[in-house]
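A quick write-up on the structure given underneath.
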Amino acid sequence: MRSPLNICYFAQSWVSDWNHGNVHFLRGLASELVRMGHRVRCYEQLGSWSLMNLVRHEGERAIEAIDSFRERFPQLDVHFYENKNGFANEMTRELRGVDVVIFHEWNDPAVVQQVLSLKKRLGFAALFHDTHHRAYSDPGALLQMGLHLFDGVLAFGEALRRIYVNSFGIGRAWTFHEAADVENFRPLASQRDCDVLWLGNWGDEERTQELEEFLLRPAEELPEFTFVAHGVRYPREAQEKLREAGIQFRGYLPNLEAAAAYARSHIALHIPRRQYSGGLGGIPTIRVFEALACGAALVCSPWEDRENLFRRGEDYLCVSSGAAMKSEIENLLKDETARRQLASHGLETIQRRHTCRHRAAQLTEICEELVRGAQAQVA
């Protein structure tokens, strides 16, 4: 039997998912590692951007979201820290005897560098976990992280992994896709209250044109159907566009309530940011995994599944234009059998290949490889 690993995982926030979709996967991954018998400590900086904005913008919804997190994830051992005098000493105590330290990419570079400075003395291996497009869109931002001090990179798609190998000269990088936390994302029984559901943020101008073509225009042209949008960071102009298109904007939705939202809708939409349909094509974001895990009939704006993670046309539908999106939505809403078949196929693929349990097993193998290598060097 393999010995349990001692892992410390640093993320921008574990408690908050406000504009922090990556935590959907991180929570499920850490939970599965714990279920496998590993010791996992989750580190979050006090005053994190996501948590502070959750509290600032969402009022009572923030309290409900935080309470829901604590209720659903009692197995997660979350430690808060401050980057102030004494931080290095605190980390020296905290990281003694640790096998692997993992930094998610959305962390303070100053924190990353201080922890990595302890690596040689304490003997832990270090992994950098990237689930963003900055390596493609803003590579200079990652140079602050001290990538050369890491033992390897976890990249959430093959296109991103190649950037780390070919552009950053990283010797060891693994393709490590996100996946569905099927403990919390699964089909639920519910009364339908909308026809078409969009979960996602406006996108910081990274998909404004795409949202106008694949969400707003179909909604305008299909006024007989109910369209609902959830998300944060929608400027007043964006909210006005939704209203004019006849879309109900319902604001922030705690991610742990997403399964119920999918259950109340007939169709879910996926409209990726243009980076994931362009230079990082082939990388599905967490919403694809979660929607399919909830048994949603999923229709996507253009993206190419270059790694054959799913079965296009069977697990989900992909359209090439706004006109095609309108047509597909109309056809599916009139054909319950087709919706059920699409949802069933997508759910089967998730359960067979893309759960957090699958990724926890992969990460365990990677960590064990790193630990064996470190032990061999000491010997």
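Residues are referred to by chain and number: the chain letter is A, B, ... according to the order shown in the structure tokens, the number counts from 1 in that chain, and ligands are numbered separately from 1 in the order shown.
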Each residue of region 119-231 of chain A lying at most 9 Å from region 325-343 of chain A should get a row with its shortest atom-to-atom pair and the distance in Å to one decimal, counting only C-alpha atoms; could you produce that, ordered by chain and increasing number, as a tab-separated table?
residue	atom	partner	partner_atom	distance
A:Asp195	CA	A:Leu333	CA	7.4
A:Val196	CA	A:Ile329	CA	8.0
A:Glu213	CA	A:Met325	CA	8.8
A:Phe214	CA	A:Met325	CA	6.2
A:Leu215	CA	A:Met325	CA	8.4
A:Arg217	CA	A:Lys326	CA	8.0
A:Pro218	CA	A:Lys326	CA	4.8
A:Ala219	CA	A:Lys326	CA	7.9
A:Glu221	CA	A:Lys326	CA	7.6
A:Leu222	CA	A:Lys326	CA	7.5
A:Phe225	CA	A:Leu333	CA	8.8
With N, CA, C and O atoms retained, export the selected residues as a PDB file, in the first residue's frame.
ATOM      1  N   ASP A 195     -35.847  28.212 -19.800  1.00  0.00           N
ATOM      2  CA  ASP A 195     -35.557  27.382 -20.970  1.00  0.00           C
ATOM      3  C   ASP A 195     -34.056  27.312 -21.253  1.00  0.00           C
ATOM      4  O   ASP A 195     -33.517  26.252 -21.541  1.00  0.00           O
ATOM      5  N   VAL A 196     -33.392  28.457 -21.178  1.00  0.00           N
ATOM      6  CA  VAL A 196     -31.968  28.536 -21.529  1.00  0.00           C
ATOM      7  C   VAL A 196     -31.219  29.220 -20.394  1.00  0.00           C
ATOM      8  O   VAL A 196     -31.592  30.319 -19.967  1.00  0.00           O
ATOM      9  N   GLU A 213     -23.300  37.704 -29.736  1.00  0.00           N
ATOM     10  CA  GLU A 213     -23.709  36.866 -30.867  1.00  0.00           C
ATOM     11  C   GLU A 213     -24.433  35.601 -30.429  1.00  0.00           C
ATOM     12  O   GLU A 213     -25.453  35.224 -31.023  1.00  0.00           O
ATOM     13  N   PHE A 214     -23.914  34.929 -29.386  1.00  0.00           N
ATOM     14  CA  PHE A 214     -24.416  33.598 -29.057  1.00  0.00           C
ATOM     15  C   PHE A 214     -25.407  33.559 -27.888  1.00  0.00           C
ATOM     16  O   PHE A 214     -26.007  32.523 -27.632  1.00  0.00           O
ATOM     17  N   LEU A 215     -25.575  34.685 -27.193  1.00  0.00           N
ATOM     18  CA  LEU A 215     -26.552  34.742 -26.108  1.00  0.00           C
ATOM     19  C   LEU A 215     -27.609  35.816 -26.376  1.00  0.00           C
ATOM     20  O   LEU A 215     -28.810  35.518 -26.429  1.00  0.00           O
ATOM     21  N   ARG A 217     -28.325  37.782 -29.072  1.00  0.00           N
ATOM     22  CA  ARG A 217     -29.080  37.746 -30.327  1.00  0.00           C
ATOM     23  C   ARG A 217     -30.093  36.601 -30.371  1.00  0.00           C
ATOM     24  O   ARG A 217     -31.255  36.819 -30.740  1.00  0.00           O
ATOM     25  N   PRO A 218     -29.710  35.369 -29.984  1.00  0.00           N
ATOM     26  CA  PRO A 218     -30.729  34.303 -29.956  1.00  0.00           C
ATOM     27  C   PRO A 218     -31.891  34.617 -29.017  1.00  0.00           C
ATOM     28  O   PRO A 218     -33.049  34.309 -29.330  1.00  0.00           O
ATOM     29  N   ALA A 219     -31.572  35.226 -27.864  1.00  0.00           N
ATOM     30  CA  ALA A 219     -32.644  35.576 -26.926  1.00  0.00           C
ATOM     31  C   ALA A 219     -33.602  36.594 -27.550  1.00  0.00           C
ATOM     32  O   ALA A 219     -34.829  36.483 -27.395  1.00  0.00           O
ATOM     33  N   GLU A 221     -34.290  36.964 -30.649  1.00  0.00           N
ATOM     34  CA  GLU A 221     -35.025  36.369 -31.753  1.00  0.00           C
ATOM     35  C   GLU A 221     -35.932  35.223 -31.321  1.00  0.00           C
ATOM     36  O   GLU A 221     -36.679  34.685 -32.146  1.00  0.00           O
ATOM     37  N   LEU A 222     -35.836  34.848 -30.033  1.00  0.00           N
ATOM     38  CA  LEU A 222     -36.689  33.767 -29.508  1.00  0.00           C
ATOM     39  C   LEU A 222     -37.423  34.270 -28.264  1.00  0.00           C
ATOM     40  O   LEU A 222     -37.267  33.728 -27.165  1.00  0.00           O
ATOM     41  N   PHE A 225     -39.267  32.101 -25.431  1.00  0.00           N
ATOM     42  CA  PHE A 225     -38.550  31.262 -24.466  1.00  0.00           C
ATOM     43  C   PHE A 225     -37.920  32.125 -23.368  1.00  0.00           C
ATOM     44  O   PHE A 225     -37.573  33.289 -23.584  1.00  0.00           O
TER      45      PHE A 225
END
- Query: Where in region 121-201 of chain A does DSSP assign strand (DSSP E), given as a list of chain:residue names?
  - Reply: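 Residues meeting the strand (DSSP E) criterion: A:Ala125, A:Ala126, A:Leu127, A:Phe128, A:His129, A:Asp130, A:Gly152, A:Val153, A:Leu154, A:Ala155, A:Ala173, A:Trp174, A:Thr175, A:Cys194, A:Asp195, A:Val196, A:Leu197, A:Trp198, A:Leu199.
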- Message: So, with only C-alpha atoms as the atoms that count, which of A:Leu253, A:Leu29, A:Ala11, A:Leu160 lies closest to Ser50 (chain A)?
- Response: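 Going through A:Leu253, A:Leu29, A:Ala11, A:Leu160 one by one, the smallest distance to Ser50 (chain A) is for A:Ala11.
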- Distance query Asn83 (chain A) at most 9 Å, only C-alpha atoms, self and fewer than 2 positions along chain excluded, as a list in words: Gln45, Leu46, Tyr81, Asn85, Gly86, Phe87, Ala88, Ala110 and Val111 of chain A
Next, dump the selected residues to file, keeping only N, CA, C and O atoms, as an mmCIF file, in the first residue's frame.
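out37.cif, freshly written:
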data_model
loop_
_atom_site.group_PDB
_atom_site.id
_atom_site.type_symbol
_atom_site.label_atom_id
_atom_site.label_comp_id
_atom_site.auth_asym_id
_atom_site.auth_seq_id
_atom_site.Cartn_x
_atom_site.Cartn_y
_atom_site.Cartn_z
ATOM 1 N N GLN A 45 -4.679 33.374 1.745
ATOM 2 C CA GLN A 45 -4.205 34.617 2.345
ATOM 3 C C GLN A 45 -5.375 35.415 2.899
ATOM 4 O O GLN A 45 -6.418 35.568 2.242
ATOM 5 N N LEU A 46 -5.228 35.918 4.112
ATOM 6 C CA LEU A 46 -6.255 36.771 4.700
ATOM 7 C C LEU A 46 -6.487 37.994 3.804
ATOM 8 O O LEU A 46 -5.538 38.580 3.290
ATOM 9 N N TYR A 81 -3.355 32.851 6.352
ATOM 10 C CA TYR A 81 -2.055 33.424 6.697
ATOM 11 C C TYR A 81 -2.018 34.881 6.256
ATOM 12 O O TYR A 81 -2.827 35.321 5.443
ATOM 13 N N ASN A 85 5.744 40.451 8.542
ATOM 14 C CA ASN A 85 6.933 40.025 9.275
ATOM 15 C C ASN A 85 6.634 38.734 10.028
ATOM 16 O O ASN A 85 5.615 38.607 10.704
ATOM 17 N N GLY A 86 7.534 37.790 9.884
ATOM 18 C CA GLY A 86 7.341 36.512 10.544
ATOM 19 C C GLY A 86 6.714 35.459 9.656
ATOM 20 O O GLY A 86 6.587 34.297 10.065
ATOM 21 N N PHE A 87 6.322 35.848 8.427
ATOM 22 C CA PHE A 87 5.675 34.881 7.533
ATOM 23 C C PHE A 87 6.606 33.722 7.198
ATOM 24 O O PHE A 87 6.202 32.552 7.203
ATOM 25 N N ALA A 88 7.883 34.028 6.911
ATOM 26 C CA ALA A 88 8.828 32.966 6.563
ATOM 27 C C ALA A 88 9.011 31.990 7.723
ATOM 28 O O ALA A 88 9.082 30.770 7.521
ATOM 29 N N ALA A 110 4.943 37.401 -4.282
ATOM 30 C CA ALA A 110 5.825 37.560 -3.119
ATOM 31 C C ALA A 110 5.685 36.389 -2.167
ATOM 32 O O ALA A 110 6.670 35.923 -1.574
ATOM 33 N N VAL A 111 4.469 35.886 -2.005
ATOM 34 C CA VAL A 111 4.240 34.705 -1.164
ATOM 35 C C VAL A 111 4.891 33.479 -1.792
ATOM 36 O O VAL A 111 5.565 32.686 -1.113
#
- Item | Top pick for closest residue to Leu26 (chain A), considering A:Val288, A:Ala179, A:Ala293, A:Leu54 and counting only C-alpha atoms |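 Residue with the minimum atom-to-atom distance to Leu26 (chain A): A:Ala179.
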- Neighbours of Pro187 (chain A) within 8 Å (only C-alpha atoms; same-chain residues fewer than 4 positions away dropped), as an NGL selection string? :A and (259 or 263 or 293-296)
- Closest to Arg207 (chain A) among A:Arg186, A:Arg41, A:Arg236, A:His270, using only C-alpha atoms? A:His270
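Nearest residue to His266 (chain A), choosing from A:Val40, A:Val319, A:Ala126, A:Ala291 and counting only C-alpha atoms: A:Ala291.
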- Query: If we count only C-alpha atoms, what is near region 30-33 of chain A at a cut-off of 10 Å, once residues fewer than 5 positions away on the same chain are taken out, given as number ranges by chain?
  - Reply: A: 4-5, 7-9, 25, 38-42, 73-77, 181, 183, 355-361, 363-364
- Query: Which residues in region 98-283 of chain A does DSSP call alpha helix (DSSP H)? List them as an MDAnalysis selection string.
  - Reply: chainID A and resid 109:116 119:122 134:137 139:142 158:166 208:211 217:221 236:244 258:263
Write the residues you've just listed into a file as a short mmCIF file (atom, residue, chain, number, x, y, z; two decimals), in the first residue's frame, and include N, CA and C atoms for each of them.
data_model
loop_
_atom_site.label_atom_id
_atom_site.label_comp_id
_atom_site.auth_asym_id
_atom_site.auth_seq_id
_atom_site.Cartn_x
_atom_site.Cartn_y
_atom_site.Cartn_z
N PRO A 109 2.82 36.70 -6.01
CA PRO A 109 4.19 36.26 -6.32
C PRO A 109 5.14 36.40 -5.14
N ALA A 110 4.94 37.40 -4.28
CA ALA A 110 5.82 37.56 -3.12
C ALA A 110 5.68 36.39 -2.17
N VAL A 111 4.47 35.89 -2.01
CA VAL A 111 4.24 34.71 -1.16
C VAL A 111 4.89 33.48 -1.79
N VAL A 112 4.69 33.32 -3.09
CA VAL A 112 5.28 32.18 -3.79
C VAL A 112 6.79 32.15 -3.61
N GLN A 113 7.43 33.28 -3.81
CA GLN A 113 8.89 33.33 -3.74
C GLN A 113 9.40 33.05 -2.33
N GLN A 114 8.69 33.55 -1.32
CA GLN A 114 9.14 33.30 0.06
C GLN A 114 9.03 31.81 0.40
N VAL A 115 7.96 31.18 -0.02
CA VAL A 115 7.81 29.75 0.26
C VAL A 115 8.85 28.94 -0.50
N LEU A 116 9.07 29.29 -1.76
CA LEU A 116 10.05 28.55 -2.55
C LEU A 116 11.47 28.71 -2.01
N LYS A 119 12.42 25.78 0.10
CA LYS A 119 12.32 24.46 -0.55
C LYS A 119 13.55 23.58 -0.31
N LYS A 120 14.71 24.14 -0.53
CA LYS A 120 15.92 23.34 -0.39
C LYS A 120 16.15 22.92 1.05
N ARG A 121 15.92 23.84 2.00
CA ARG A 121 16.15 23.53 3.40
C ARG A 121 15.17 22.50 3.93
N LEU A 122 13.90 22.61 3.54
CA LEU A 122 12.88 21.71 4.08
C LEU A 122 12.68 20.45 3.24
N ARG A 134 -3.04 33.29 -18.89
CA ARG A 134 -1.98 34.30 -18.83
C ARG A 134 -0.68 33.84 -19.50
N ALA A 135 -0.37 32.56 -19.44
CA ALA A 135 0.86 32.10 -20.09
C ALA A 135 0.83 32.38 -21.59
N TYR A 136 -0.37 32.47 -22.14
CA TYR A 136 -0.55 32.78 -23.55
C TYR A 136 -0.77 34.27 -23.78
N SER A 137 -1.61 34.90 -22.93
CA SER A 137 -2.01 36.28 -23.18
C SER A 137 -1.12 37.31 -22.49
N PRO A 139 2.41 36.53 -20.78
CA PRO A 139 3.46 35.67 -20.22
C PRO A 139 4.37 36.37 -19.23
N GLY A 140 4.54 37.68 -19.36
CA GLY A 140 5.41 38.38 -18.43
C GLY A 140 4.94 38.30 -17.00
N ALA A 141 3.63 38.19 -16.80
CA ALA A 141 3.08 38.13 -15.45
C ALA A 141 3.56 36.88 -14.70
N LEU A 142 3.82 35.81 -15.44
CA LEU A 142 4.22 34.56 -14.79
C LEU A 142 5.70 34.52 -14.44
N GLU A 158 -3.35 20.66 -23.06
CA GLU A 158 -2.12 20.36 -23.78
C GLU A 158 -1.54 21.60 -24.45
N ALA A 159 -2.39 22.48 -24.97
CA ALA A 159 -1.88 23.71 -25.59
C ALA A 159 -1.11 24.55 -24.58
N LEU A 160 -1.61 24.61 -23.34
CA LEU A 160 -0.92 25.37 -22.30
C LEU A 160 0.36 24.65 -21.88
N ARG A 161 0.32 23.34 -21.78
CA ARG A 161 1.53 22.59 -21.40
C ARG A 161 2.65 22.87 -22.39
N ARG A 162 2.33 22.91 -23.68
CA ARG A 162 3.37 23.15 -24.69
C ARG A 162 3.99 24.53 -24.54
N ILE A 163 3.20 25.52 -24.12
CA ILE A 163 3.76 26.86 -23.89
C ILE A 163 4.80 26.80 -22.79
N TYR A 164 4.51 26.09 -21.71
CA TYR A 164 5.48 26.00 -20.61
C TYR A 164 6.75 25.29 -21.06
N VAL A 165 6.62 24.28 -21.87
CA VAL A 165 7.80 23.53 -22.31
C VAL A 165 8.58 24.31 -23.35
N ASN A 166 7.88 24.82 -24.35
CA ASN A 166 8.55 25.44 -25.50
C ASN A 166 8.93 26.91 -25.28
N THR A 208 -17.09 39.67 -24.95
CA THR A 208 -18.26 40.52 -25.12
C THR A 208 -18.93 40.27 -26.47
N GLN A 209 -18.15 40.24 -27.54
CA GLN A 209 -18.71 40.01 -28.87
C GLN A 209 -19.37 38.63 -28.95
N GLU A 210 -18.72 37.65 -28.31
CA GLU A 210 -19.26 36.28 -28.33
C GLU A 210 -20.60 36.21 -27.60
N LEU A 211 -20.70 36.91 -26.45
CA LEU A 211 -21.95 36.91 -25.71
C LEU A 211 -23.06 37.61 -26.50
N ARG A 217 -28.32 37.78 -29.07
CA ARG A 217 -29.08 37.75 -30.33
C ARG A 217 -30.09 36.60 -30.37
N PRO A 218 -29.71 35.37 -29.98
CA PRO A 218 -30.73 34.30 -29.96
C PRO A 218 -31.89 34.62 -29.02
N ALA A 219 -31.57 35.23 -27.86
CA ALA A 219 -32.64 35.58 -26.93
C ALA A 219 -33.60 36.59 -27.55
N GLU A 220 -33.05 37.59 -28.24
CA GLU A 220 -33.90 38.60 -28.89
C GLU A 220 -34.81 37.96 -29.93
N GLU A 221 -34.29 36.96 -30.65
CA GLU A 221 -35.02 36.37 -31.75
C GLU A 221 -35.93 35.22 -31.32
N ARG A 236 -23.13 48.16 -15.87
CA ARG A 236 -24.50 48.62 -16.11
C ARG A 236 -24.88 48.47 -17.58
N GLU A 237 -23.93 48.76 -18.44
CA GLU A 237 -24.20 48.64 -19.88
C GLU A 237 -24.54 47.20 -20.25
N ALA A 238 -23.80 46.24 -19.67
CA ALA A 238 -24.07 44.84 -19.97
C ALA A 238 -25.43 44.41 -19.45
N GLN A 239 -25.78 44.85 -18.25
CA GLN A 239 -27.08 44.51 -17.69
C GLN A 239 -28.21 45.09 -18.54
N GLU A 240 -27.99 46.28 -19.07
CA GLU A 240 -29.00 46.89 -19.93
C GLU A 240 -29.16 46.10 -21.23
N LYS A 241 -28.06 45.59 -21.76
CA LYS A 241 -28.14 44.77 -22.97
C LYS A 241 -28.91 43.49 -22.71
N LEU A 242 -28.68 42.88 -21.56
CA LEU A 242 -29.43 41.68 -21.21
C LEU A 242 -30.93 42.00 -21.13
N ARG A 243 -31.26 43.10 -20.48
CA ARG A 243 -32.67 43.46 -20.32
C ARG A 243 -33.32 43.69 -21.68
N GLU A 244 -32.62 44.40 -22.55
CA GLU A 244 -33.17 44.69 -23.87
C GLU A 244 -33.38 43.42 -24.69
N ALA A 258 -25.21 25.75 -8.36
CA ALA A 258 -25.29 25.61 -9.82
C ALA A 258 -26.03 24.35 -10.24
N ALA A 259 -25.85 23.25 -9.51
CA ALA A 259 -26.53 22.01 -9.88
C ALA A 259 -28.04 22.20 -9.88
N ALA A 260 -28.55 22.90 -8.89
CA ALA A 260 -29.99 23.16 -8.83
C ALA A 260 -30.42 24.07 -9.97
N ALA A 261 -29.57 25.03 -10.34
CA ALA A 261 -29.90 25.92 -11.46
C ALA A 261 -29.96 25.15 -12.77
N TYR A 262 -29.01 24.24 -12.98
CA TYR A 262 -29.05 23.41 -14.19
C TYR A 262 -30.32 22.57 -14.21
N ALA A 263 -30.71 22.05 -13.04
CA ALA A 263 -31.90 21.19 -12.97
C ALA A 263 -33.17 21.96 -13.31
#
- Rounded to one decimal in Å, what is the spacing between CA of Leu216 (chain A) and CA of Ala245 (chain A)?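 Interatomic distance, CA of Leu216 (chain A) to CA of Ala245 (chain A): 5.6 Å.
Between Arg192 (chain A) and the candidates A:Glu178, A:Pro235, A:Ile267, A:His129, the tightest atom-to-atom separation, counting only C-alpha atoms, involves A:Ile267.
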- Looking at A:Glu224, A:Gly97, A:Tyr276, A:Ser190, which one is nearest to Arg306 (chain A), with distances taken over only C-alpha atoms?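 Residue with the minimum atom-to-atom distance to Arg306 (chain A): A:Tyr276.
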- Item | Residues within 10 Å of Asn255 (chain A), only C-alpha atoms, excluding chain neighbours under 3 positions, as a list of chain:residue names | A:Ser16, A:Asp17, A:Trp18, A:His20, A:Gly21, A:Val23, A:His24, A:Ala65, A:Ser68, A:Phe69, A:Asn184, A:Phe185, A:Leu199, A:Tyr252, A:Ala258, A:Ala259, A:Ala260, A:Ala261, A:Glu290
Write the selection just made, keeping all heavy atoms, as a short mmCIF file (atom, residue, chain, number, x, y, z; two decimals), in the first residue's frame?
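File again.cif, as written:
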data_model
loop_
_atom_site.label_atom_id
_atom_site.label_comp_id
_atom_site.auth_asym_id
_atom_site.auth_seq_id
_atom_site.Cartn_x
_atom_site.Cartn_y
_atom_site.Cartn_z
N SER A 16 -14.14 31.41 -1.00
CA SER A 16 -14.94 32.21 -1.93
C SER A 16 -14.78 31.74 -3.37
O SER A 16 -13.68 31.43 -3.81
CB SER A 16 -14.53 33.68 -1.84
OG SER A 16 -15.16 34.44 -2.86
N ASP A 17 -15.91 31.76 -4.10
CA ASP A 17 -15.87 31.48 -5.54
C ASP A 17 -16.24 32.71 -6.36
O ASP A 17 -16.49 32.60 -7.55
CB ASP A 17 -16.81 30.32 -5.88
CG ASP A 17 -18.29 30.66 -5.62
OD1 ASP A 17 -18.58 31.79 -5.19
OD2 ASP A 17 -19.14 29.79 -5.84
N TRP A 18 -16.25 33.89 -5.74
CA TRP A 18 -16.65 35.11 -6.44
C TRP A 18 -15.60 35.46 -7.50
O TRP A 18 -14.46 35.75 -7.18
CB TRP A 18 -16.80 36.26 -5.45
CG TRP A 18 -17.59 37.43 -5.94
CD1 TRP A 18 -18.93 37.65 -5.77
CD2 TRP A 18 -17.10 38.57 -6.67
NE1 TRP A 18 -19.30 38.84 -6.34
CE2 TRP A 18 -18.19 39.42 -6.91
CE3 TRP A 18 -15.84 38.93 -7.15
CZ2 TRP A 18 -18.07 40.62 -7.61
CZ3 TRP A 18 -15.71 40.12 -7.85
CH2 TRP A 18 -16.82 40.95 -8.07
N HIS A 20 -14.05 33.52 -9.26
CA HIS A 20 -12.93 32.59 -8.98
C HIS A 20 -13.39 31.18 -9.32
O HIS A 20 -13.52 30.31 -8.47
CB HIS A 20 -12.56 32.71 -7.50
CG HIS A 20 -11.40 31.89 -7.05
ND1 HIS A 20 -10.44 31.40 -7.91
CD2 HIS A 20 -11.04 31.47 -5.81
CE1 HIS A 20 -9.55 30.71 -7.22
NE2 HIS A 20 -9.89 30.74 -5.95
N GLY A 21 -13.67 30.97 -10.61
CA GLY A 21 -14.18 29.68 -11.05
C GLY A 21 -13.24 28.53 -10.82
O GLY A 21 -13.68 27.37 -10.74
N VAL A 23 -11.75 27.66 -8.21
CA VAL A 23 -11.92 27.01 -6.92
C VAL A 23 -12.96 25.90 -6.98
O VAL A 23 -12.95 25.00 -6.15
CB VAL A 23 -12.27 28.05 -5.83
CG1 VAL A 23 -13.74 28.43 -5.87
CG2 VAL A 23 -11.90 27.53 -4.44
N HIS A 24 -13.84 25.92 -7.98
CA HIS A 24 -14.81 24.84 -8.13
C HIS A 24 -14.08 23.50 -8.21
O HIS A 24 -14.44 22.53 -7.54
CB HIS A 24 -15.63 25.01 -9.40
CG HIS A 24 -16.27 26.35 -9.56
ND1 HIS A 24 -17.02 26.67 -10.67
CD2 HIS A 24 -16.31 27.44 -8.77
CE1 HIS A 24 -17.48 27.91 -10.56
NE2 HIS A 24 -17.04 28.40 -9.41
N ALA A 65 -23.21 31.81 1.11
CA ALA A 65 -22.22 31.08 0.32
C ALA A 65 -21.10 30.54 1.20
O ALA A 65 -20.64 29.40 1.02
CB ALA A 65 -21.65 31.99 -0.77
N SER A 68 -22.43 27.69 3.27
CA SER A 68 -22.62 26.51 2.43
C SER A 68 -21.29 25.81 2.16
O SER A 68 -21.20 24.58 2.19
CB SER A 68 -23.27 26.91 1.11
OG SER A 68 -23.47 25.80 0.28
N PHE A 69 -20.24 26.61 1.92
CA PHE A 69 -18.92 26.02 1.73
C PHE A 69 -18.51 25.21 2.95
O PHE A 69 -18.04 24.07 2.84
CB PHE A 69 -17.89 27.11 1.45
CG PHE A 69 -16.47 26.66 1.66
CD1 PHE A 69 -15.85 25.81 0.75
CD2 PHE A 69 -15.75 27.04 2.79
CE1 PHE A 69 -14.56 25.36 0.95
CE2 PHE A 69 -14.46 26.60 3.00
CZ PHE A 69 -13.86 25.76 2.07
N ASN A 184 -20.88 17.10 -5.54
CA ASN A 184 -21.72 18.29 -5.46
C ASN A 184 -22.39 18.67 -6.77
O ASN A 184 -23.34 19.46 -6.77
CB ASN A 184 -20.88 19.47 -4.97
CG ASN A 184 -20.46 19.32 -3.51
OD1 ASN A 184 -21.30 19.36 -2.61
ND2 ASN A 184 -19.16 19.11 -3.27
N PHE A 185 -21.90 18.11 -7.87
CA PHE A 185 -22.47 18.41 -9.18
C PHE A 185 -22.98 17.12 -9.80
O PHE A 185 -22.21 16.29 -10.29
CB PHE A 185 -21.44 19.12 -10.07
CG PHE A 185 -21.08 20.46 -9.54
CD1 PHE A 185 -20.08 20.60 -8.60
CD2 PHE A 185 -21.78 21.59 -9.94
CE1 PHE A 185 -19.76 21.84 -8.07
CE2 PHE A 185 -21.47 22.83 -9.41
CZ PHE A 185 -20.46 22.95 -8.48
N LEU A 199 -24.47 30.54 -17.26
CA LEU A 199 -23.73 30.80 -16.03
C LEU A 199 -22.34 31.27 -16.41
O LEU A 199 -21.58 30.55 -17.05
CB LEU A 199 -23.60 29.53 -15.17
CG LEU A 199 -24.87 28.86 -14.64
CD1 LEU A 199 -24.49 27.69 -13.73
CD2 LEU A 199 -25.73 29.85 -13.90
N TYR A 252 -25.22 37.13 -8.92
CA TYR A 252 -24.30 36.13 -8.37
C TYR A 252 -25.03 34.85 -7.99
O TYR A 252 -26.07 34.88 -7.33
CB TYR A 252 -23.60 36.72 -7.14
CG TYR A 252 -22.82 35.71 -6.32
CD1 TYR A 252 -21.69 35.09 -6.83
CD2 TYR A 252 -23.22 35.40 -5.02
CE1 TYR A 252 -20.98 34.18 -6.07
CE2 TYR A 252 -22.51 34.50 -4.24
CZ TYR A 252 -21.37 33.88 -4.78
OH TYR A 252 -20.68 32.97 -4.01
N ALA A 258 -25.21 25.75 -8.36
CA ALA A 258 -25.29 25.61 -9.82
C ALA A 258 -26.03 24.35 -10.24
O ALA A 258 -26.78 24.36 -11.22
CB ALA A 258 -23.89 25.62 -10.43
N ALA A 259 -25.85 23.25 -9.51
CA ALA A 259 -26.53 22.01 -9.88
C ALA A 259 -28.04 22.20 -9.88
O ALA A 259 -28.74 21.71 -10.78
CB ALA A 259 -26.12 20.88 -8.93
N ALA A 260 -28.55 22.90 -8.89
CA ALA A 260 -29.99 23.16 -8.83
C ALA A 260 -30.42 24.07 -9.97
O ALA A 260 -31.53 23.90 -10.52
CB ALA A 260 -30.35 23.79 -7.48
N ALA A 261 -29.57 25.03 -10.34
CA ALA A 261 -29.90 25.92 -11.46
C ALA A 261 -29.96 25.15 -12.77
O ALA A 261 -30.86 25.38 -13.60
CB ALA A 261 -28.88 27.05 -11.55
N GLU A 290 -18.89 20.72 -15.28
CA GLU A 290 -19.96 20.78 -14.29
C GLU A 290 -21.34 20.68 -14.93
O GLU A 290 -22.23 19.99 -14.40
CB GLU A 290 -19.83 22.06 -13.48
CG GLU A 290 -18.64 22.05 -12.54
CD GLU A 290 -18.50 23.29 -11.70
OE1 GLU A 290 -19.16 24.30 -12.00
OE2 GLU A 290 -17.71 23.26 -10.74
#
